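S.K.: Right, I'll just put the structure down here and ask away after.
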Amino acid sequence: MEREQLVFVGTSDLSGHFRGKSFPVVDLQARMQSGVGLAPTNIFISAFGPIQMTTFGTIGEVFLIPDPCARVCVPFLGSQAEYFFIGDIKTEDGSPWAFCPRHVLRRALDRLNQETGLRLLAGFEQEFIYTGVNAQPQQAYELDALRRQAPFGEALLAAMRQAGVIPDTFLAEFGARQFEVTSAPAIGLRSADDAVITRELAQAVAFRLGNRVSFAPLPDPGGASSGTHIHWSFLDSDGQPVIYNEQHPWNLSVLARQFIAGIQHHLPALCALTAPSVASYYRLRPDRWAPVQCDVSPLDRGAAVRICPVSGSDPEQRARRFNVEYRVADATASPYLALAVLVQAGLDGIREERGIMTERLRPLPRSLSEALAMLESSDVAADWLGADLLAAYLKFKRAEIKGLEALNETEICHRYAEAY
């Protein structure tokens with residue numbers, strides 16, 4: 001049987017799914033210029049597949065253009081290769097489309113550079129459930145758990161490296177069948193691309209082993225939760241780290257404290273984009289090693305924003321490894337939108353010279369509905385996302401809530417576990 005190779009181009013959309021179209025690889029050169037046509041309504045495909053609402057209806061056309069800097073071609077012995085590009089959604093005249101998640105992040109990163117001269121350095125730490133091991137008592141961090149998952153982890157890290165994503169760690173996490181993979185920090189947009197590529201390659205490797213992975217925030221209400229933690233720092237125009245200062249509290253430079261304070265100030269609204277599913281808020285409850293309030297701490301893994309400690313005696317190396325972790329995120333979020341609003345919130349903290357709050361801390365939203373209300377009442381969200389995208393996103397997520405209102409928590413968790 002003859003086969004014609006296909007190549008896929010997609011983006012992580014409003015629901016955090018990687019969606020797009022494929023075409024014959026012989027047409028790749030032409031498609032790098034023209035892309036593939038999409039109905040604007042495609043951006044409103046829901047977390048579970050149906051289009052529950054759209055502001056575009058059947059009208060319009062946009063184009064998904066492959067980005068040559070986000071190309072993945074990973075061969076698998078005895079199976080077809082994973083061949084895909086991450087793309088940008090553009091209008092007919094070649095301008096960035098206002099609803100394109102990568103464009104939203106690029107705008108935020110451009111502002112960061114224009115206002116501060118800095119570049120973002122970020123990495124994603126992603127937890128998931130892998131079905132290719134027996135459901136047995138938890139083996140958190142055990143070597144035996146690492147043995148039992150083989151060859152999944154080794155194949156995943158090899159695939160990541162072939163795709164240009166530098167692996168950092170792979171480990172057995174706290175929950176049954178739960179693992180975690182982290183990628184090394186990357187500059188700007190590439191860090192979000194790496195998160196998307198890692199998720200897709202984890203699915204690809206599991207599929208070829210006859211299994212699957214689920215990045216959903218909670219497989220069931222009594223299970224271990226899975227987060228997507230975002231680590232970040234900054235580099236100046238000379239490539240030097242700028243957030244570390246041994247003479248200041250928590251070793252944070254003034255700029256870093258202001259940036260963190262901006263995130264803390266806007267955190268309830270940020271949740272609508274970084275923890276954007278109904279099940280996300282079953283995870284953000286006490287005694288789950290997940291945040292429950294808008295707090296910042298240097299040592300607490302239950303904090304919303306954690307200042308990550310560094311070891312070693314070399315000040316230069318300590319400064320390069322020093323980073324901050326945002327912990328109120330999971331894989332139902334598009335990495336582009338999540339990172340974009342973190343950058344915008346942090347910039348607001350720098351502009352307003354905000355200070356980190358340590359008393360009278362606000363609780364995090366208790367539901368997606370509450371988070372969306374916080375986002376809607378924000379006086380800056382329309383500037384960050386664009387007024388049209390903000391209004392559409394609020395409708396999109398409220399339709400998701402409505403579609404689940406007849407289900408209980410267990411059923412809702414299962415729906416997300418199947419979808420993510």
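Chain labels follow the order of the structure tokens: the first chain is A, the next B, and so on; residue numbering restarts at 1 in every chain, and ligands are counted from 1 in their shown order.
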Given only C-alpha atoms, how would the per-residue table for region 70-163 of chain A near region 405-420 of chain A read, listing every residue at most 12 Å away with its closest atom pair and distance in Å to one decimal, sorted by chain and number, as CSV?

M.R.:
```
residue,atom,partner,partner_atom,distance
A:Glu127,CA,A:Tyr420,CA,11.9
A:Phe128,CA,A:Tyr420,CA,9.6
A:Ile129,CA,A:Ala417,CA,9.2
A:Tyr130,CA,A:Ala417,CA,11.4
A:Thr131,CA,A:Ala417,CA,11.7
```

S.K.: Residues as selected, N, CA and C atoms, written as a PDB file, in the first residue's frame, can you do that?

M.R.:
```pdb
ATOM      1  N   GLU A 127       2.946  18.021  34.725  1.00  0.00           N
ATOM      2  CA  GLU A 127       2.586  16.762  35.375  1.00  0.00           C
ATOM      3  C   GLU A 127       1.471  16.082  34.580  1.00  0.00           C
ATOM      4  N   PHE A 128       1.459  14.754  34.604  1.00  0.00           N
ATOM      5  CA  PHE A 128       0.466  14.023  33.821  1.00  0.00           C
ATOM      6  C   PHE A 128       0.326  12.604  34.347  1.00  0.00           C
ATOM      7  N   ILE A 129      -0.739  11.935  33.916  1.00  0.00           N
ATOM      8  CA  ILE A 129      -0.986  10.528  34.219  1.00  0.00           C
ATOM      9  C   ILE A 129      -0.635   9.706  32.980  1.00  0.00           C
ATOM     10  N   TYR A 130       0.148   8.643  33.170  1.00  0.00           N
ATOM     11  CA  TYR A 130       0.521   7.744  32.075  1.00  0.00           C
ATOM     12  C   TYR A 130      -0.126   6.383  32.319  1.00  0.00           C
ATOM     13  N   THR A 131      -0.905   5.900  31.359  1.00  0.00           N
ATOM     14  CA  THR A 131      -1.664   4.664  31.555  1.00  0.00           C
ATOM     15  C   THR A 131      -0.829   3.401  31.359  1.00  0.00           C
TER      16      THR A 131
END
```

S.K.: Extract, using only C-alpha atoms, all DNA, RNA and protein residues at most 7 Å from region 314-330 of chain A, discarding same-chain residues fewer than 2 positions from it, and format them as a ChimeraX atom specification.

M.R.: /A:217,226-233,241,244,271,274-275,291,304-312,332-333

S.K.: Once DSSP has gone over the backbone, tell me which residues of region 188-343 of chain A are in strand (DSSP E or B), as an MDAnalysis selection string.

M.R.: chainID A and resid 213:214 228:235 241 244 252 293 296:297 305:308 323:326

S.K.: Using only C-alpha atoms, pick whichever of A:Leu171, A:Val25, A:Ala382, A:Leu375 has the shortest atom-to-atom distance to Asp144 (chain A).

M.R.: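 Answer, going by the shortest atom-to-atom distance: A:Leu171.
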
S.K.: Near region 362-373 of chain A, counting only C-alpha atoms, which residues have an atom at most 12 Å away, once you skip same-chain residues fewer than 3 positions from it, shown as a PyMOL selection string?

M.R.: chain A and resi 264-286+290-296+303-304+327-328+357-359+376-378+381+390-402+404-405

S.K.: Between CA of Phe18 (chain A) and CA of Ile263 (chain A), what is the distance, to one decimal in Å?

M.R.: 26.6 Å
